[in-house]
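What follows is the content of work_37.cif, which has mmCIF, C-alpha atoms:
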```cif
data_model
#
loop_
_atom_site.group_PDB
_atom_site.id
_atom_site.type_symbol
_atom_site.label_atom_id
_atom_site.label_comp_id
_atom_site.auth_asym_id
_atom_site.auth_seq_id
_atom_site.Cartn_x
_atom_site.Cartn_y
_atom_site.Cartn_z
ATOM 1 C CA MET U 1 0.000 0.000 0.000
ATOM 2 C CA SER U 2 2.768 2.467 0.858
ATOM 3 C CA ALA U 3 4.424 1.848 -2.498
ATOM 4 C CA GLU U 4 1.220 2.959 -4.245
ATOM 5 C CA LEU U 5 1.452 6.313 -2.519
ATOM 6 C CA GLY U 6 5.045 6.811 -3.550
ATOM 7 C CA LEU U 7 6.178 6.332 0.041
ATOM 8 C CA LYS U 8 9.326 4.393 0.853
ATOM 9 C CA GLN U 9 8.696 2.375 4.016
ATOM 10 C CA ASP U 10 5.991 2.188 6.616
ATOM 11 C CA ASN U 11 8.197 3.742 9.267
ATOM 12 C CA GLU U 12 9.333 6.664 7.130
ATOM 13 C CA LEU U 13 8.719 10.093 8.637
ATOM 14 C CA LEU U 14 6.943 12.517 6.330
ATOM 15 C CA GLN U 15 7.663 16.206 6.941
ATOM 16 C CA LEU U 16 4.704 18.290 5.901
ATOM 17 C CA VAL U 17 3.667 21.904 5.849
ATOM 18 C CA THR U 18 0.032 21.941 6.941
ATOM 19 C CA PHE U 19 -2.475 24.606 6.002
ATOM 20 C CA ALA U 20 -6.185 25.300 6.151
ATOM 21 C CA ILE U 21 -8.692 25.867 3.401
ATOM 22 C CA SER U 22 -12.189 26.342 4.721
ATOM 23 C CA GLU U 23 -12.610 23.863 7.602
ATOM 24 C CA GLU U 24 -10.195 21.300 6.145
ATOM 25 C CA GLU U 25 -6.539 20.714 6.899
ATOM 26 C CA PHE U 26 -4.121 19.876 4.099
ATOM 27 C CA GLY U 27 -0.480 18.892 3.988
ATOM 28 C CA ILE U 28 2.254 19.081 1.367
ATOM 29 C CA ASP U 29 5.809 17.804 1.404
ATOM 30 C CA ILE U 30 7.997 20.446 3.066
ATOM 31 C CA LEU U 31 10.739 19.854 0.505
ATOM 32 C CA ARG U 32 8.451 21.189 -2.236
ATOM 33 C CA VAL U 33 7.803 24.471 -0.411
ATOM 34 C CA GLN U 34 10.161 27.289 -1.341
ATOM 35 C CA GLU U 35 8.660 29.832 1.012
ATOM 36 C CA ILE U 36 5.488 31.013 2.686
ATOM 37 C CA ILE U 37 4.615 34.688 2.391
ATOM 38 C CA ARG U 38 1.880 37.003 3.583
ATOM 39 C CA ILE U 39 -0.785 37.922 1.083
ATOM 40 C CA MET U 40 0.318 40.784 -1.149
ATOM 41 C CA PRO U 41 -1.292 42.729 -3.986
ATOM 42 C CA ILE U 42 -2.245 40.333 -6.775
ATOM 43 C CA THR U 43 -2.452 41.732 -10.303
ATOM 44 C CA LYS U 44 -5.323 40.292 -12.322
ATOM 45 C CA VAL U 45 -4.417 38.896 -15.731
ATOM 46 C CA PRO U 46 -7.030 39.093 -18.528
ATOM 47 C CA ASN U 47 -8.184 35.769 -20.008
ATOM 48 C CA SER U 48 -6.481 33.692 -17.323
ATOM 49 C CA PRO U 49 -8.028 30.382 -16.224
ATOM 50 C CA PRO U 50 -10.721 30.744 -13.508
ATOM 51 C CA SER U 51 -8.616 29.483 -10.605
ATOM 52 C CA VAL U 52 -5.694 31.814 -11.408
ATOM 53 C CA ASP U 53 -5.975 34.840 -9.119
ATOM 54 C CA GLY U 54 -3.351 36.721 -11.086
ATOM 55 C CA VAL U 55 0.363 37.344 -10.641
ATOM 56 C CA ILE U 56 2.591 38.763 -7.935
ATOM 57 C CA ASN U 57 6.021 40.354 -8.059
ATOM 58 C CA LEU U 58 8.192 38.323 -5.706
ATOM 59 C CA ARG U 59 11.610 39.985 -5.453
ATOM 60 C CA GLY U 60 11.604 40.871 -9.142
ATOM 61 C CA LYS U 61 10.098 37.592 -10.367
ATOM 62 C CA VAL U 62 6.552 37.558 -11.686
ATOM 63 C CA ILE U 63 4.830 34.386 -10.510
ATOM 64 C CA PRO U 64 1.278 33.138 -11.096
ATOM 65 C CA VAL U 65 -0.978 32.732 -8.072
ATOM 66 C CA ILE U 66 -3.635 30.005 -7.879
ATOM 67 C CA ASP U 67 -6.524 30.241 -5.424
ATOM 68 C CA LEU U 68 -6.862 26.761 -3.894
ATOM 69 C CA ARG U 69 -10.380 27.571 -2.654
ATOM 70 C CA ARG U 70 -11.483 28.073 -6.259
ATOM 71 C CA ARG U 71 -9.440 25.090 -7.468
ATOM 72 C CA PHE U 72 -11.316 22.884 -4.989
ATOM 73 C CA GLY U 73 -14.717 24.457 -5.688
ATOM 74 C CA MET U 74 -15.056 26.009 -2.223
ATOM 75 C CA GLY U 75 -16.698 29.372 -1.645
ATOM 76 C CA ALA U 76 -14.702 32.586 -1.906
ATOM 77 C CA LYS U 77 -13.329 34.184 1.240
ATOM 78 C CA GLU U 78 -11.901 37.645 1.793
ATOM 79 C CA HIS U 79 -8.175 37.643 2.418
ATOM 80 C CA ASP U 80 -7.315 38.429 6.029
ATOM 81 C CA ASN U 81 -4.314 38.471 8.391
ATOM 82 C CA SER U 82 -4.105 34.664 8.284
ATOM 83 C CA THR U 83 -4.134 34.349 4.479
ATOM 84 C CA ARG U 84 -0.831 33.137 3.070
ATOM 85 C CA ILE U 85 0.721 32.340 -0.288
ATOM 86 C CA ILE U 86 2.681 29.086 -0.360
ATOM 87 C CA VAL U 87 5.370 29.336 -3.034
ATOM 88 C CA ILE U 88 6.154 26.007 -4.699
ATOM 89 C CA GLU U 89 8.092 24.796 -7.724
ATOM 90 C CA ILE U 90 5.949 22.675 -10.045
ATOM 91 C CA HIS U 91 6.880 21.420 -13.501
ATOM 92 C CA GLY U 92 9.951 23.673 -13.527
ATOM 93 C CA MET U 93 8.094 26.875 -12.704
ATOM 94 C CA ILE U 94 7.440 28.825 -9.525
ATOM 95 C CA VAL U 95 3.765 29.121 -8.527
ATOM 96 C CA GLY U 96 2.013 30.618 -5.509
ATOM 97 C CA PHE U 97 -1.024 28.996 -3.910
ATOM 98 C CA VAL U 98 -3.376 31.113 -1.794
ATOM 99 C CA VAL U 99 -4.496 29.329 1.396
ATOM 100 C CA ASP U 100 -6.589 30.485 4.343
ATOM 101 C CA GLY U 101 -3.743 30.002 6.793
ATOM 102 C CA VAL U 102 -0.608 27.968 7.412
ATOM 103 C CA SER U 103 -0.823 25.814 10.529
ATOM 104 C CA GLU U 104 2.470 24.106 11.310
ATOM 105 C CA VAL U 105 5.257 21.856 10.154
ATOM 106 C CA LEU U 106 4.274 18.330 11.075
ATOM 107 C CA ARG U 107 6.094 15.018 11.081
ATOM 108 C CA ILE U 108 3.926 11.951 10.626
ATOM 109 C CA GLN U 109 4.683 8.291 10.047
ATOM 110 C CA SER U 110 3.976 7.200 6.491
ATOM 111 C CA SER U 111 2.218 4.153 7.980
ATOM 112 C CA THR U 112 -0.590 6.466 9.169
ATOM 113 C CA VAL U 113 -1.362 7.480 5.567
ATOM 114 C CA GLU U 114 -4.112 5.702 3.653
ATOM 115 C CA PRO U 115 -5.015 5.983 -0.039
ATOM 116 C CA PRO U 116 -7.698 8.584 -0.656
ATOM 117 C CA PRO U 117 -11.369 7.731 -1.048
ATOM 118 C CA PRO U 118 -12.929 9.012 -4.313
ATOM 119 C CA VAL U 119 -13.882 12.360 -2.744
ATOM 120 C CA VAL U 120 -12.526 13.854 0.467
ATOM 121 C CA ALA U 121 -14.053 17.031 1.896
ATOM 122 C CA GLY U 122 -15.376 17.928 -1.550
ATOM 123 C CA VAL U 123 -11.904 17.735 -3.083
ATOM 124 C CA GLU U 124 -11.575 15.281 -5.950
ATOM 125 C CA SER U 125 -9.130 12.466 -5.301
ATOM 126 C CA GLU U 126 -7.044 13.339 -8.380
ATOM 127 C CA TYR U 127 -5.395 16.067 -6.264
ATOM 128 C CA ILE U 128 -4.932 13.858 -3.212
ATOM 129 C CA LYS U 129 -1.972 11.605 -2.478
ATOM 130 C CA GLY U 130 -3.457 10.172 0.710
ATOM 131 C CA VAL U 131 -5.145 10.886 4.015
ATOM 132 C CA GLY U 132 -3.079 11.015 7.186
ATOM 133 C CA LYS U 133 -4.750 9.822 10.379
ATOM 134 C CA LEU U 134 -3.661 11.955 13.305
ATOM 135 C CA ASP U 135 -4.838 11.506 16.891
ATOM 136 C CA ASP U 136 -7.751 13.898 16.684
ATOM 137 C CA ARG U 137 -8.098 14.773 13.010
ATOM 138 C CA LEU U 138 -7.500 13.832 9.394
ATOM 139 C CA LEU U 139 -4.901 15.493 7.222
ATOM 140 C CA ILE U 140 -5.406 15.532 3.446
ATOM 141 C CA LEU U 141 -2.065 15.098 1.668
ATOM 142 C CA LEU U 142 -2.049 16.909 -1.663
ATOM 143 C CA ASP U 143 -0.290 15.737 -4.792
ATOM 144 C CA ILE U 144 1.413 18.989 -5.759
ATOM 145 C CA ASP U 145 2.208 17.896 -9.309
ATOM 146 C CA LYS U 146 -1.478 17.434 -10.111
ATOM 147 C CA LEU U 147 -2.659 20.786 -8.766
ATOM 148 C CA LEU U 148 -2.080 22.633 -12.029
ATOM 149 C CA THR U 149 -4.128 21.990 -15.137
ATOM 150 C CA SER U 150 -2.399 21.909 -18.517
ATOM 151 C CA GLU U 151 -4.168 25.205 -19.318
ATOM 152 C CA GLU U 152 -2.671 26.818 -16.207
ATOM 153 C CA ILE U 153 0.775 25.439 -17.045
ATOM 154 C CA ARG U 154 0.567 26.879 -20.558
ATOM 155 C CA HIS U 155 -0.666 30.192 -19.196
ATOM 156 C CA ALA U 156 2.107 30.417 -16.607
ATOM 157 C CA HIS U 157 4.988 29.760 -19.004
#
```
Would you mind writing the structure in this file as structure tokens?
Amino acid sequence: MSAELGLKQDNELLQLVTFAISEEEFGIDILRVQEIIRIMPITKVPNSPPSVDGVINLRGKVIPVIDLRRRFGMGAKEHDNSTRIIVIEIHGMIVGFVVDGVSEVLRIQSSTVEPPPPVVAGVESEYIKGVGKLDDRLLILLDIDKLLTSEEIRHAH
């Protein structure tokens, strides 16, 4: 089962950055995260795909920003003091993902991760690598490489 998830052994420790979108908690591999920044002005781009918020200027680099709430079909929410942009490299490009808030860096045993059911918390399983069972909650592990559509990849290049 662990091999299906791309995990090495059952006792492997996964290091994850966890974040919230709506009432759900998600995790992504910490090694994929370049940085986490506060929300900043996002410039809208005409004719961009619906889930693309726009672009930001991050230290002289223009990077596309994807709203994960929209990507997952959740209702819009005003940005607030907790809103963050998680900056990740995907398919050789730098992309920012808007999330409601970043929780913590967490280490969990890969043996606590199960394959995803067809739909978890309204998020289609194509984006989900697995579900981590923690003592008091579930953590949805996202498959970063599947978060961008081919249209978004074309648009971002």
- Atom pair CA of Ile108 (chain U) / CA of Ile37 (chain U): separation (Å):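 Separating CA of Ile108 (chain U) from CA of Ile37 (chain U) is a distance of 24.2 Å.
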- Message: Between CA of Met74 (chain U) and CA of Ile21 (chain U), what distance in Å does the model show, to one decimal?
- Response: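 One can read the CA of Met74 (chain U) to CA of Ile21 (chain U) distance as 8.5 Å.
Distance annotation: of U:Leu31, U:Ile36, U:Ile90, U:Ile63, the residue with the minimal separation from Ser103 (chain U) is U:Ile36; atom set is only C-alpha atoms.
Considering all atoms listed in the file, the residue among U:Asp100, U:Asp143, U:Glu35, U:Asp135 positioned nearest to Ser82 (chain U) is U:Asp100.
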- Task: Could you expand the PyMOL selection byres ((chain U and resi 16) around 7) into the explicit residues it covers here, written as a PyMOL selection string?
- Result: chain U and resi 14-15+17-18+27-30+105-107
I need the chosen residues saved as a tab-separated table (two decimals), in the frame of the given file, with C-alpha atoms.
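File produced: out-v3.tsv:
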```tsv
chain	number	residue	atom	x	y	z
U	14	LEU	CA	6.94	12.52	6.33
U	15	GLN	CA	7.66	16.21	6.94
U	17	VAL	CA	3.67	21.90	5.85
U	18	THR	CA	0.03	21.94	6.94
U	27	GLY	CA	-0.48	18.89	3.99
U	28	ILE	CA	2.25	19.08	1.37
U	29	ASP	CA	5.81	17.80	1.40
U	30	ILE	CA	8.00	20.45	3.07
U	105	VAL	CA	5.26	21.86	10.15
U	106	LEU	CA	4.27	18.33	11.08
U	107	ARG	CA	6.09	15.02	11.08
```
Expected selection from the PyMOL selection byres ((chain U and resi 116) around 7), given as a compact mmCIF listing (two decimals) with C-alpha atoms, in the frame of the given file:
```txt
# COMPACT_ATOMS: atom_id res chain seq x y z
CA GLU U 114 -4.11 5.70 3.65
CA PRO U 115 -5.01 5.98 -0.04
CA PRO U 117 -11.37 7.73 -1.05
CA PRO U 118 -12.93 9.01 -4.31
CA SER U 125 -9.13 12.47 -5.30
CA ILE U 128 -4.93 13.86 -3.21
CA LYS U 129 -1.97 11.60 -2.48
CA GLY U 130 -3.46 10.17 0.71
CA VAL U 131 -5.14 10.89 4.01
```
- Query: Which of these residues is nearest to Ile39 (chain U), using only C-alpha atoms: U:Glu126, U:Asn81, U:Gly92, U:Asp67?
  - Reply: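 The answer is U:Asn81, which sits nearest to Ile39 (chain U).
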